[in-house]
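> Have a peek at protein.cif (mmCIF, C-alpha atoms).
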data_input
loop_
_atom_site.label_atom_id
_atom_site.label_comp_id
_atom_site.auth_asym_id
_atom_site.auth_seq_id
_atom_site.Cartn_x
_atom_site.Cartn_y
_atom_site.Cartn_z
CA MET T 220 2.97 -48.52 -5.52
CA GLN T 221 -0.25 -46.89 -6.73
CA PRO T 222 0.08 -43.95 -9.14
CA ALA T 223 -0.79 -40.77 -7.24
CA LEU T 224 -2.61 -39.14 -10.17
CA LEU T 225 -5.32 -41.77 -10.58
CA PRO T 226 -8.86 -40.60 -9.75
CA SER T 227 -10.02 -41.90 -6.38
CA GLY T 228 -12.56 -44.24 -7.99
CA LEU T 229 -9.86 -45.95 -10.03
CA GLN T 230 -7.49 -46.21 -7.08
CA ASP T 231 -10.00 -48.53 -5.44
CA LEU T 232 -9.47 -51.00 -8.30
CA LEU T 233 -5.76 -51.40 -7.59
CA PRO T 234 -4.52 -53.86 -4.97
CA PRO T 235 -2.65 -52.23 -2.07
CA ASP T 236 0.41 -54.29 -2.88
CA ALA T 237 0.22 -56.57 -5.89
CA ALA T 238 3.26 -58.62 -4.86
CA ARG T 239 1.91 -59.34 -1.38
CA GLU T 240 -1.54 -60.12 -2.76
CA GLN T 241 -0.21 -62.59 -5.30
CA ARG T 242 2.02 -64.24 -2.72
CA MET T 243 -0.92 -64.54 -0.33
CA ILE T 244 -3.06 -66.22 -2.99
CA THR T 245 -0.22 -68.56 -3.94
CA GLU T 246 0.24 -69.64 -0.31
CA LEU T 247 -3.48 -70.26 0.23
CA LEU T 248 -3.86 -72.26 -2.98
CA ALA T 249 -0.73 -74.27 -2.17
CA CYS T 250 -2.25 -75.22 1.18
CA PHE T 251 -5.51 -76.26 -0.47
CA ALA T 252 -3.63 -78.29 -3.09
CA ALA T 253 -1.62 -80.07 -0.40
CA ASN T 254 -4.94 -81.20 1.07
CA GLY T 255 -6.18 -82.63 -2.24
CA TYR T 256 -8.15 -79.68 -3.66
CA GLN T 257 -8.03 -79.03 -7.41
CA GLN T 258 -8.08 -75.43 -8.57
CA VAL T 259 -10.78 -74.18 -10.94
CA THR T 260 -10.99 -70.72 -12.50
CA PRO T 261 -14.55 -69.54 -13.29
CA PRO T 262 -14.96 -66.54 -15.62
CA LEU T 263 -15.21 -63.02 -14.22
CA VAL T 264 -18.09 -62.08 -16.57
CA GLU T 265 -20.96 -64.33 -17.65
CA PHE T 266 -24.37 -64.02 -19.26
CA GLU T 267 -26.89 -62.88 -16.68
CA GLU T 268 -29.17 -65.90 -16.95
CA THR T 269 -26.21 -68.19 -16.30
CA LEU T 270 -24.49 -66.20 -13.58
CA LEU T 271 -27.67 -65.56 -11.60
CA GLY T 272 -29.22 -68.99 -12.05
CA GLY T 273 -29.55 -71.42 -9.15
CA LYS T 274 -27.68 -70.27 -6.05
CA GLY T 275 -26.42 -67.25 -7.99
CA ALA T 276 -29.84 -65.63 -7.58
CA ALA T 277 -28.87 -64.77 -4.00
CA TYR T 278 -26.37 -62.24 -5.37
CA ALA T 279 -28.64 -60.60 -7.95
CA PRO T 280 -28.89 -57.34 -5.93
CA GLN T 281 -25.09 -57.26 -5.63
CA THR T 282 -24.33 -57.83 -9.32
CA PHE T 283 -23.14 -55.20 -11.79
CA ARG T 284 -24.65 -55.70 -15.25
CA VAL T 285 -23.32 -54.70 -18.67
CA PRO T 286 -24.71 -55.26 -22.20
CA ASP T 287 -22.87 -57.63 -24.51
CA PRO T 288 -22.25 -55.68 -27.77
CA LEU T 289 -22.39 -58.88 -29.86
CA SER T 290 -25.44 -60.73 -28.58
CA GLN T 291 -27.21 -57.70 -27.06
CA LYS T 292 -27.81 -59.84 -23.97
CA MET T 293 -27.09 -58.64 -20.46
CA MET T 294 -23.97 -59.90 -18.77
CA GLY T 295 -23.02 -59.80 -15.10
CA LEU T 296 -19.74 -59.29 -13.26
CA ARG T 297 -19.57 -61.96 -10.59
CA ALA T 298 -20.24 -60.93 -7.00
CA ASP T 299 -19.28 -64.32 -5.56
CA ILE T 300 -17.26 -67.31 -6.73
CA THR T 301 -18.83 -70.07 -4.63
CA THR T 302 -22.10 -69.90 -6.56
CA GLN T 303 -20.12 -70.36 -9.80
CA ILE T 304 -18.37 -73.40 -8.30
CA ALA T 305 -21.77 -74.86 -7.38
CA ARG T 306 -22.97 -74.52 -10.97
CA ILE T 307 -19.78 -76.06 -12.38
CA ALA T 308 -20.13 -79.01 -10.00
CA ALA T 309 -23.76 -79.58 -11.04
CA THR T 310 -23.07 -79.34 -14.80
CA LEU T 311 -19.55 -79.78 -16.17
CA LEU T 312 -18.43 -81.97 -13.26
CA ALA T 313 -21.75 -83.71 -12.62
CA LYS T 314 -20.28 -87.13 -13.40
CA ALA T 315 -16.98 -86.59 -11.59
CA PRO T 316 -16.30 -88.95 -8.64
CA LYS T 317 -17.57 -87.67 -5.31
CA PRO T 318 -16.65 -86.18 -2.96
CA LEU T 319 -15.30 -83.49 -5.24
CA ARG T 320 -12.69 -81.14 -3.76
CA LEU T 321 -12.23 -77.82 -5.55
CA SER T 322 -10.36 -74.60 -4.76
CA TYR T 323 -10.34 -71.14 -6.33
CA ALA T 324 -9.01 -67.59 -6.13
CA GLY T 325 -10.15 -64.45 -7.90
CA ARG T 326 -11.77 -61.04 -7.76
CA VAL T 327 -15.42 -60.24 -7.26
CA LEU T 328 -17.21 -56.92 -7.67
CA ARG T 329 -20.32 -55.91 -5.73
CA THR T 330 -22.75 -53.03 -6.12
CA LEU T 331 -22.81 -52.38 -2.37
CA PRO T 332 -20.22 -52.86 0.38
CA GLN T 333 -20.83 -55.43 3.09
CA GLY T 334 -20.36 -54.90 6.80
CA LEU T 335 -18.03 -52.11 7.95
CA SER T 336 -15.70 -52.28 4.95
CA PRO T 337 -16.32 -49.70 2.18
CA GLU T 338 -14.73 -51.90 -0.47
CA ARG T 339 -16.78 -53.28 -3.31
CA GLN T 340 -13.99 -55.09 -5.14
CA LEU T 341 -12.85 -58.09 -3.10
CA VAL T 342 -10.35 -60.89 -3.56
CA GLN T 343 -11.64 -64.31 -2.56
CA SER T 344 -9.81 -67.59 -2.16
CA GLY T 345 -11.54 -70.69 -0.97
CA LEU T 346 -12.30 -74.39 -1.09
CA GLU T 347 -15.38 -76.57 -1.54
CA VAL T 348 -16.25 -80.19 -0.76
CA ILE T 349 -19.11 -81.29 -3.02
CA GLY T 350 -21.23 -84.42 -2.97
CA VAL T 351 -21.32 -85.40 0.69
CA ASP T 352 -23.47 -84.19 3.60
CA ALA T 353 -21.47 -85.14 6.67
CA PRO T 354 -19.87 -83.51 9.72
CA ALA T 355 -16.53 -84.90 8.54
CA ALA T 356 -16.70 -82.71 5.41
CA LEU T 357 -17.53 -79.60 7.44
CA SER T 358 -14.71 -80.39 9.86
CA GLU T 359 -12.28 -80.85 6.98
CA VAL T 360 -13.19 -77.49 5.44
CA LEU T 361 -12.71 -75.76 8.78
CA LEU T 362 -9.42 -77.49 9.56
CA VAL T 363 -7.97 -76.78 6.10
CA SER T 364 -9.09 -73.13 6.38
CA ILE T 365 -7.42 -72.84 9.78
CA GLU T 366 -4.25 -74.42 8.38
CA ALA T 367 -4.26 -72.00 5.42
CA LEU T 368 -4.76 -68.98 7.69
CA GLY T 369 -1.90 -70.14 9.90
CA ARG T 370 0.29 -70.57 6.84
CA VAL T 371 0.05 -66.85 6.08
CA GLY T 372 0.43 -65.75 9.70
CA SER T 373 -3.10 -65.59 11.15
CA THR T 374 -2.82 -67.94 14.12
CA GLN T 375 -5.20 -66.45 16.71
CA ILE T 376 -8.43 -67.70 15.16
CA VAL T 377 -11.93 -67.42 16.56
CA ALA T 378 -14.49 -69.69 14.87
CA ASP T 379 -18.09 -68.56 15.38
CA LEU T 380 -20.48 -71.40 14.51
CA THR T 381 -24.11 -70.85 13.54
CA LEU T 382 -27.14 -72.67 12.10
CA ALA T 383 -28.19 -70.79 8.99
CA GLY T 384 -31.91 -71.16 8.35
CA LEU T 385 -32.78 -71.86 11.98
CA LEU T 386 -35.13 -68.90 12.27
CA ASP T 387 -36.89 -69.83 9.02
CA GLU T 388 -37.47 -73.34 10.38
CA LEU T 389 -38.92 -71.94 13.61
CA LEU T 390 -41.31 -69.68 11.69
CA VAL T 391 -42.36 -72.15 8.99
CA ASP T 392 -45.66 -73.04 10.71
CA VAL T 393 -46.35 -69.56 12.11
CA THR T 394 -49.18 -67.61 10.47
CA PHE T 395 -48.55 -63.86 10.15
CA GLU T 396 -51.06 -61.14 9.35
CA SER T 397 -48.80 -59.77 6.62
CA ASP T 398 -45.36 -60.03 5.08
CA GLU T 399 -44.45 -56.90 7.01
CA ALA T 400 -45.27 -58.59 10.32
CA ARG T 401 -43.00 -61.52 9.47
CA ALA T 402 -40.23 -59.16 8.35
CA HIS T 403 -40.59 -57.29 11.65
CA VAL T 404 -39.90 -60.47 13.63
CA ILE T 405 -36.91 -61.41 11.47
CA ALA T 406 -35.44 -57.91 11.82
CA ALA T 407 -35.89 -57.99 15.61
CA VAL T 408 -34.05 -61.32 15.85
CA LYS T 409 -31.22 -60.12 13.57
CA ARG T 410 -30.59 -57.09 15.77
CA LYS T 411 -31.07 -59.25 18.90
CA ASP T 412 -33.92 -57.12 20.23
CA PRO T 413 -36.22 -59.44 22.25
CA ALA T 414 -38.40 -56.52 23.38
CA ALA T 415 -39.54 -56.03 19.78
CA LEU T 416 -40.97 -59.54 19.48
CA PRO T 417 -44.81 -59.73 19.52
CA GLU T 418 -46.30 -61.22 22.69
CA THR T 419 -48.52 -63.49 20.58
CA LEU T 420 -45.63 -65.06 18.64
CA PRO T 421 -46.02 -68.86 19.20
CA VAL T 422 -42.28 -69.53 19.22
CA LYS T 423 -41.33 -66.48 21.26
CA ASP T 424 -40.08 -68.50 24.25
CA THR T 425 -37.80 -70.58 22.02
CA ILE T 426 -36.39 -67.48 20.31
CA LEU T 427 -35.83 -65.78 23.68
CA ALA T 428 -33.96 -68.87 24.89
CA LEU T 429 -31.80 -68.83 21.74
CA LEU T 430 -31.03 -65.12 22.22
CA SER T 431 -29.91 -65.67 25.80
CA LEU T 432 -27.60 -68.65 25.33
CA PRO T 433 -24.28 -68.65 27.22
CA LEU T 434 -21.16 -67.49 25.41
CA GLU T 435 -19.04 -70.57 26.10
CA ALA T 436 -19.43 -73.08 23.25
CA ALA T 437 -19.82 -76.26 25.30
CA ALA T 438 -22.46 -74.65 27.52
CA THR T 439 -24.27 -73.36 24.43
CA LEU T 440 -24.39 -76.87 22.96
CA LYS T 441 -25.83 -78.28 26.18
CA ALA T 442 -28.51 -75.58 26.27
CA LEU T 443 -29.42 -76.15 22.61
CA HIS T 444 -30.01 -79.84 23.20
CA GLY T 445 -32.52 -78.91 25.88
CA LEU T 446 -34.70 -76.82 23.56
CA ALA T 447 -37.72 -77.97 21.56
CA LEU T 448 -36.44 -77.54 18.00
CA PRO T 449 -37.79 -78.76 14.63
CA ALA T 450 -36.60 -82.20 13.50
CA ARG T 451 -34.55 -80.75 10.64
CA VAL T 452 -32.76 -78.40 13.02
CA LYS T 453 -31.96 -81.30 15.34
CA GLY T 454 -30.10 -82.91 12.43
CA TRP T 455 -28.05 -79.73 12.01
CA LEU T 456 -27.46 -79.64 15.75
CA ALA T 457 -26.02 -83.16 15.65
CA GLN T 458 -23.57 -82.02 12.96
CA LEU T 459 -22.70 -78.97 15.07
CA ALA T 460 -21.91 -81.16 18.09
CA GLU T 461 -19.65 -83.46 16.06
CA VAL T 462 -17.78 -80.60 14.38
CA HIS T 463 -17.35 -78.89 17.74
CA ALA T 464 -15.83 -82.08 19.19
CA THR T 465 -13.48 -82.46 16.21
CA LEU T 466 -12.22 -78.87 16.46
CA GLN T 467 -11.65 -79.20 20.19
CA ARG T 468 -9.56 -82.29 19.54
CA GLU T 469 -7.71 -81.31 16.35
CA ALA T 470 -7.45 -77.51 16.69
CA PRO T 471 -7.43 -76.74 20.42
CA GLN T 472 -5.73 -73.39 19.74
CA VAL T 473 -8.91 -72.10 18.03
CA ARG T 474 -11.43 -70.33 20.24
CA LEU T 475 -14.96 -71.60 19.54
CA THR T 476 -18.20 -69.64 19.96
CA ILE T 477 -21.75 -70.56 18.93
CA ASP T 478 -24.41 -68.06 17.86
CA PRO T 479 -27.16 -70.22 16.33
CA LEU T 480 -29.33 -67.31 15.13
CA GLU T 481 -26.61 -65.40 13.29
CA SER T 482 -27.66 -65.20 9.63
CA HIS T 483 -26.03 -62.08 8.19
CA GLY T 484 -24.03 -62.90 5.07
CA PHE T 485 -25.27 -66.48 4.68
CA GLU T 486 -27.44 -65.81 1.64
CA TYR T 487 -27.73 -69.34 0.28
CA GLN T 488 -26.38 -71.59 3.05
CA GLU T 489 -28.50 -73.72 5.34
CA GLY T 490 -27.44 -75.75 8.32
CA LEU T 491 -24.05 -75.55 10.00
CA CYS T 492 -22.12 -72.44 8.95
CA PHE T 493 -19.26 -70.43 10.41
CA SER T 494 -17.37 -67.16 10.42
CA LEU T 495 -13.63 -67.02 11.03
CA PHE T 496 -12.13 -64.04 12.85
CA ASP T 497 -8.54 -63.01 13.38
CA GLY T 498 -8.38 -62.55 17.14
CA ALA T 499 -5.27 -60.39 17.02
CA HIS T 500 -6.94 -57.72 14.87
CA GLY T 501 -10.66 -58.28 15.37
CA ARG T 502 -11.21 -58.77 11.62
CA GLU T 503 -13.41 -61.32 9.88
CA VAL T 504 -11.07 -63.23 7.59
CA GLY T 505 -13.39 -65.90 6.23
CA ARG T 506 -16.77 -67.61 6.33
CA GLY T 507 -18.50 -70.65 4.94
CA GLY T 508 -20.70 -73.62 5.66
CA ARG T 509 -23.19 -76.08 4.26
CA TYR T 510 -25.44 -75.46 1.24
CA VAL T 511 -27.64 -77.38 -1.16
CA ILE T 512 -26.66 -77.15 -4.84
CA GLN T 513 -29.67 -79.14 -5.99
CA ASP T 514 -31.70 -82.10 -4.80
CA GLY T 515 -29.31 -84.83 -3.79
CA LEU T 516 -26.17 -82.70 -4.20
CA ILE T 517 -24.94 -81.13 -0.97
CA ALA T 518 -21.76 -79.11 -0.53
CA CYS T 519 -19.83 -77.19 2.07
CA GLY T 520 -16.99 -74.75 1.71
CA ALA T 521 -15.18 -71.68 2.96
CA THR T 522 -14.12 -68.36 1.47
CA LEU T 523 -11.07 -66.60 2.89
CA TYR T 524 -10.74 -62.81 2.51
CA VAL T 525 -7.35 -62.01 1.02
CA ARG T 526 -7.63 -58.22 1.41
CA ALA T 527 -8.56 -58.49 5.11
CA LEU T 528 -5.53 -60.70 5.74
CA LEU T 529 -3.26 -58.24 3.94
CA GLU T 530 -4.68 -55.33 5.92
CA CYS T 531 -3.89 -57.25 9.11
CA GLY T 532 -0.26 -57.13 7.99
CA TYR T 533 0.19 -60.83 7.36
CA LEU T 534 2.68 -62.33 4.95
CA PRO T 535 5.19 -59.44 4.86
CA VAL T 536 7.05 -59.38 1.58
CA THR T 537 10.78 -59.86 1.80
CA GLN T 538 12.57 -57.31 -0.34
CA GLU T 539 12.99 -58.56 -3.88
CA ARG T 540 16.52 -58.81 -5.16
CA ARG T 541 16.02 -56.70 -8.26
CA LEU T 542 18.99 -56.76 -10.58
CA LEU T 543 19.63 -54.43 -13.51
CA LEU T 544 21.52 -56.12 -16.34
CA ALA T 545 24.08 -53.77 -17.87
CA PRO T 546 24.32 -53.57 -21.67
CA GLY T 547 26.13 -56.56 -23.13
CA THR T 548 24.77 -59.11 -20.63
CA THR T 549 24.04 -62.41 -22.37
CA GLU T 550 20.75 -64.27 -22.05
CA GLN T 551 22.64 -67.21 -20.55
CA GLU T 552 23.95 -64.97 -17.75
CA ALA T 553 20.49 -63.50 -17.18
CA ARG T 554 18.88 -66.93 -16.95
CA ARG T 555 21.46 -68.12 -14.45
CA LEU T 556 20.84 -65.05 -12.26
CA ARG T 557 17.08 -65.66 -12.32
CA GLU T 558 17.68 -69.25 -11.26
CA GLN T 559 19.55 -67.82 -8.24
CA GLY T 560 16.45 -65.87 -7.21
CA TYR T 561 17.11 -62.46 -8.75
CA VAL T 562 14.46 -60.46 -10.61
CA THR T 563 16.30 -59.27 -13.72
CA LEU T 564 15.63 -56.09 -15.68
CA ARG T 565 17.56 -55.27 -18.85
CA ALA T 566 18.95 -51.76 -19.14
CA LEU T 567 17.00 -49.80 -21.75
CA GLY T 568 18.01 -46.19 -21.04
CA LYS T 569 21.19 -44.31 -21.85
CA ASP T 570 22.09 -43.71 -18.20
CA TRP T 571 21.52 -47.29 -17.05
CA GLN T 572 23.02 -46.76 -13.60
CA GLU T 573 20.48 -44.04 -12.88
CA GLU T 574 17.85 -46.34 -14.38
CA ALA T 575 18.83 -48.99 -11.80
CA ARG T 576 18.21 -46.55 -8.93
CA THR T 577 14.97 -45.27 -10.43
CA LEU T 578 13.55 -48.79 -10.80
CA GLY T 579 14.43 -49.76 -7.24
CA CYS T 580 17.11 -52.30 -8.15
CA THR T 581 19.18 -53.71 -5.31
CA HIS T 582 22.04 -54.93 -7.54
CA VAL T 583 23.69 -54.34 -10.91
CA TRP T 584 25.25 -57.04 -13.10
CA GLU T 585 28.10 -55.65 -15.18
CA GLY T 586 30.95 -57.34 -16.97
CA GLY T 587 30.30 -60.72 -15.36
CA SER T 588 30.25 -59.44 -11.78
CA LEU T 589 27.58 -58.50 -9.26
CA ARG T 590 27.52 -55.11 -7.54
CA GLU T 591 25.16 -54.13 -4.72
CA LEU T 592 23.63 -50.66 -4.85
#
Re-express the file's structure as structure tokens.


Amino acid sequence: MQPALLPSGLQDLLPPDAAREQRMITELLACFAANGYQQVTPPLVEFEETLLGGKGAAYAPQTFRVPDPLSQKMMGLRADITTQIARIAATLLAKAPKPLRLSYAGRVLRTLPQGLSPERQLVQSGLEVIGVDAPAALSEVLLVSIEALGRVGSTQIVADLTLAGLLDELLVDVTFESDEARAHVIAAVKRKDPAALPETLPVKDTILALLSLPLEAAATLKALHGLALPARVKGWLAQLAEVHATLQREAPQVRLTIDPLESHGFEYQEGLCFSLFDGAHGREVGRGGRYVIQDGLIACGATLYVRALLECGYLPVTQERRLLLAPGTTEQEARRLREQGYVTLRALGKDWQEEARTLGCTHVWEGGSLREL
């Protein structure tokens, strides 16, 4: 329970229910481990040049910075864990056998909220497959994510597939009068406003076709194959088709949608990406996809949003059996009770029976016998 007297700014730093949060993380990591993923724990704070190097540069605007009193260098509080995993894979684990399967869980802090949520401190848990560029890797990440979500209670999943970087590929050979003109086109596509597109835009017909694709995933795929798309995008489209087929076969309970121009939130990914929504509550509970760590090193992964899952009400905590140990209880007795699943608290006050009620204990151990409160 959060202390009522904390200032509102500090209340935001406390988890809504620490026990539920920790249990959620434990369940997700256990699912990843059962699928062969090894957990890594990157630091929360790093030197700025390290944290924001490589893919980390995408989160520079979202990063809080603090001076290091020893070195006088600037340090950053991480805004994302995946970019740290990418750096670890390219440096410390560069010679590790590939494909490399890694998992993680931890907090991130951002200068600005994303989407409709006002929160800036988030809890992420996720998995990454590093060192292979194949539809099978993307399918695995999606299937393990779906399994993990189901393990904590989120079973009505909607997977929205997209091709991050598609618009950039379409515009790569287009000459604009200014950076503002290019930004205008990108903004119009992001808000799905075809009327705002210039009549002289060479790829306008292709963009209009992409904005008017059918909602049903199989029909969308068929329509995409009929469009004139850049060669690189056709490679992504082939991966999309294979992943779509795998999900239909292996996870038929998941509703699939395809929105190839969706790019919000995919700061460093390119190619096949996805967002995962909880259909029962209409909440985004994860996202991920393909990204390039460096030349020759490709990865894909997913981040699941622990706080969103908790707010959906998943993984309800069964009441802990909290047991107050009366004065005189031996350590041997206490250890045996913990082995039976009790959370034991030793009596420290003079009125230990009142102490048991105050601390929310469900039982008292006194004189070798158990008494329920």

> Can you measure atom CA of T:Asp299 to atom CA of T:Ala277 for me? One decimal in Å is fine.

9.7 Å

> Rounded to one decimal in Å, what is the spacing between atom CA of T:Thr581 and atom CA of T:Met243?

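Pair atom CA of T:Thr581 / atom CA of T:Met243 returns 23.4 Å.
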
> Report, in Å to a single decimal, how far apart atom CA of T:Ala249 and atom CA of T:Glu366 are.

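So the two atoms, atom CA of T:Glu366 and atom CA of T:Ala249, lie 11.1 Å apart.
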
> Tell me, counting only C-alpha atoms, for each residue of stretch 366-434 of chain T within 10 Å of stretch 519-538 of chain T, which pair of atoms is nearest and how far apart they are in Å to one decimal, in rows ordered by chain and increasing number, as a tab-separated table.


residue	atom	partner	partner_atom	distance
T:Ala367	CA	T:Leu523	CA	9.1
T:Leu368	CA	T:Leu523	CA	8.3
T:Gly369	CA	T:Tyr533	CA	9.9
T:Arg370	CA	T:Leu534	CA	8.8
T:Val371	CA	T:Leu534	CA	5.4
T:Gly372	CA	T:Tyr533	CA	5.5
T:Ser373	CA	T:Tyr533	CA	6.9

> What's around T:Leu516 at 8 Å? Count only C-alpha atoms, leave out sequence neighbours fewer than 5 positions away in its own chain, and write the answer as a VMD selection string.

chain T and resid 309 349 to 351 511

> Output C-alpha atoms for every residue in the selection just made, as a PDB file, in the frame of the given file.


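Result written to part-v8.pdb:
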ATOM      1  CA  ALA T 309     -23.760 -79.580 -11.040  1.00  0.00           C
ATOM      2  CA  ILE T 349     -19.110 -81.290  -3.020  1.00  0.00           C
ATOM      3  CA  GLY T 350     -21.230 -84.420  -2.970  1.00  0.00           C
ATOM      4  CA  VAL T 351     -21.320 -85.400   0.690  1.00  0.00           C
ATOM      5  CA  VAL T 511     -27.640 -77.380  -1.160  1.00  0.00           C
TER       6      VAL T 511
END

> Report as an mmCIF file with C-alpha atoms, keeping the file's coordinate frame the residues that result from applying the PyMOL selection byres ((chain T and resi 540) around 8) to the structure here.


data_model
loop_
_atom_site.group_PDB
_atom_site.id
_atom_site.type_symbol
_atom_site.label_atom_id
_atom_site.label_comp_id
_atom_site.auth_asym_id
_atom_site.auth_seq_id
_atom_site.Cartn_x
_atom_site.Cartn_y
_atom_site.Cartn_z
ATOM 1 C CA GLN T 538 12.570 -57.310 -0.340
ATOM 2 C CA GLU T 539 12.990 -58.560 -3.880
ATOM 3 C CA ARG T 541 16.020 -56.700 -8.260
ATOM 4 C CA LEU T 542 18.990 -56.760 -10.580
ATOM 5 C CA GLY T 560 16.450 -65.870 -7.210
ATOM 6 C CA TYR T 561 17.110 -62.460 -8.750
ATOM 7 C CA VAL T 562 14.460 -60.460 -10.610
ATOM 8 C CA CYS T 580 17.110 -52.300 -8.150
ATOM 9 C CA THR T 581 19.180 -53.710 -5.310
ATOM 10 C CA HIS T 582 22.040 -54.930 -7.540
#

> Identify which of the residues T:Gly275, T:Pro288, T:Pro280, T:Gly586 lies closest to T:Ile300, counting all atoms listed in the file when measuring atom-to-atom distances.

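Smallest separation from T:Ile300 among the options: T:Gly275.
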
> Need the axis-aligned box for stretch 541-553 of chain T with 8 Å each side, so what are the centre and edges in Å to one decimal, as lines of an AutoDock Vina configuration file?


center_x = 21.1
center_y = -60.4
center_z = -15.7
size_x = 26.1
size_y = 29.6
size_z = 30.9

> As a check of understanding, name the residues that the PyMOL selection byres ((chain T and resi 508) around 10) selects in the supplied structure, as a ChimeraX atom specification.

/T:347,356-358,360-361,380-383,485,487-494,506-507,509-510,518-522

> Check what the PyMOL selection byres ((chain T and resi 260-270) around 7) selects in the file above and give those residues as a ChimeraX atom specification.

/T:258-259,271-272,275,293-297,303,323

> So that I have them on file, write out the residues from the current selection with C-alpha atoms, as a PDB file, in the frame of the given file.


ATOM      1  CA  GLN T 258      -8.080 -75.430  -8.570  1.00  0.00           C
ATOM      2  CA  VAL T 259     -10.780 -74.180 -10.940  1.00  0.00           C
ATOM      3  CA  LEU T 271     -27.670 -65.560 -11.600  1.00  0.00           C
ATOM      4  CA  GLY T 272     -29.220 -68.990 -12.050  1.00  0.00           C
ATOM      5  CA  GLY T 275     -26.420 -67.250  -7.990  1.00  0.00           C
ATOM      6  CA  MET T 293     -27.090 -58.640 -20.460  1.00  0.00           C
ATOM      7  CA  MET T 294     -23.970 -59.900 -18.770  1.00  0.00           C
ATOM      8  CA  GLY T 295     -23.020 -59.800 -15.100  1.00  0.00           C
ATOM      9  CA  LEU T 296     -19.740 -59.290 -13.260  1.00  0.00           C
ATOM     10  CA  ARG T 297     -19.570 -61.960 -10.590  1.00  0.00           C
ATOM     11  CA  GLN T 303     -20.120 -70.360  -9.800  1.00  0.00           C
ATOM     12  CA  TYR T 323     -10.340 -71.140  -6.330  1.00  0.00           C
TER      13      TYR T 323
END

> Tell me which of T:Lys441, T:Arg554, T:Leu543, T:Arg339 sits closest to T:Leu578, counting only C-alpha atoms.

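Going through T:Lys441, T:Arg554, T:Leu543, T:Arg339 one by one, the smallest distance to T:Leu578 is for T:Leu543.
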
> May I have the residues within 10 Å of T:Thr465 as a VMD selection string, using all atoms listed in the file and disregarding those fewer than 3 positions away in the same chain?

chain T and resid 354 to 355 358 to 359 362 459 to 462 468 to 471

> Could you take the residues named above and write them with C-alpha atoms, as a compact mmCIF listing (two decimals), in the frame of the given file?


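As written to disk, out.txt reads:
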# COMPACT_ATOMS: atom_id res chain seq x y z
CA PRO T 354 -19.87 -83.51 9.72
CA ALA T 355 -16.53 -84.90 8.54
CA SER T 358 -14.71 -80.39 9.86
CA GLU T 359 -12.28 -80.85 6.98
CA LEU T 362 -9.42 -77.49 9.56
CA LEU T 459 -22.70 -78.97 15.07
CA ALA T 460 -21.91 -81.16 18.09
CA GLU T 461 -19.65 -83.46 16.06
CA VAL T 462 -17.78 -80.60 14.38
CA ARG T 468 -9.56 -82.29 19.54
CA GLU T 469 -7.71 -81.31 16.35
CA ALA T 470 -7.45 -77.51 16.69
CA PRO T 471 -7.43 -76.74 20.42

> Determine the nearest neighbour of T:Ala313 from the options T:Ile512, T:Ala428, T:Val473, T:Val408, counting only C-alpha atoms.

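Once distances to T:Ala313 are computed over only C-alpha atoms, the minimum belongs to T:Ile512.
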
> Could you list, as a PyMOL selection string, every residue within 12 Å of T:Leu389, counting all atoms listed in the file and ignoring same-chain residues fewer than 2 positions away?

chain T and resi 382-387+391-394+401+404-405+408+420-426+429+446-453+480

> Which polymer residues have any atom within 8 Å of an atom of T:Arg565, counting all atoms listed in the file, with same-chain residues fewer than 4 positions away left out, as a list of chain:residue names?

T:Leu543, T:Leu544, T:Ala545, T:Pro546

> Leaving out T:Val377 and any residue of its chain fewer than 2 positions from it, which residues lie within 7 Å of it when counting only C-alpha atoms, given as a list in words?

Gln375, Asp379, Val473, Arg474, Leu475, Leu495, Phe496, Asp497 and Gly498 of chain T

> Write the residues of the selection above to a file with C-alpha atoms, as a PDB file, in the coordinates of the input.


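Output below, filename out.pdb:
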ATOM      1  CA  GLN T 375      -5.200 -66.450  16.710  1.00  0.00           C
ATOM      2  CA  ASP T 379     -18.090 -68.560  15.380  1.00  0.00           C
ATOM      3  CA  VAL T 473      -8.910 -72.100  18.030  1.00  0.00           C
ATOM      4  CA  ARG T 474     -11.430 -70.330  20.240  1.00  0.00           C
ATOM      5  CA  LEU T 475     -14.960 -71.600  19.540  1.00  0.00           C
ATOM      6  CA  LEU T 495     -13.630 -67.020  11.030  1.00  0.00           C
ATOM      7  CA  PHE T 496     -12.130 -64.040  12.850  1.00  0.00           C
ATOM      8  CA  ASP T 497      -8.540 -63.010  13.380  1.00  0.00           C
ATOM      9  CA  GLY T 498      -8.380 -62.550  17.140  1.00  0.00           C
TER      10      GLY T 498
END
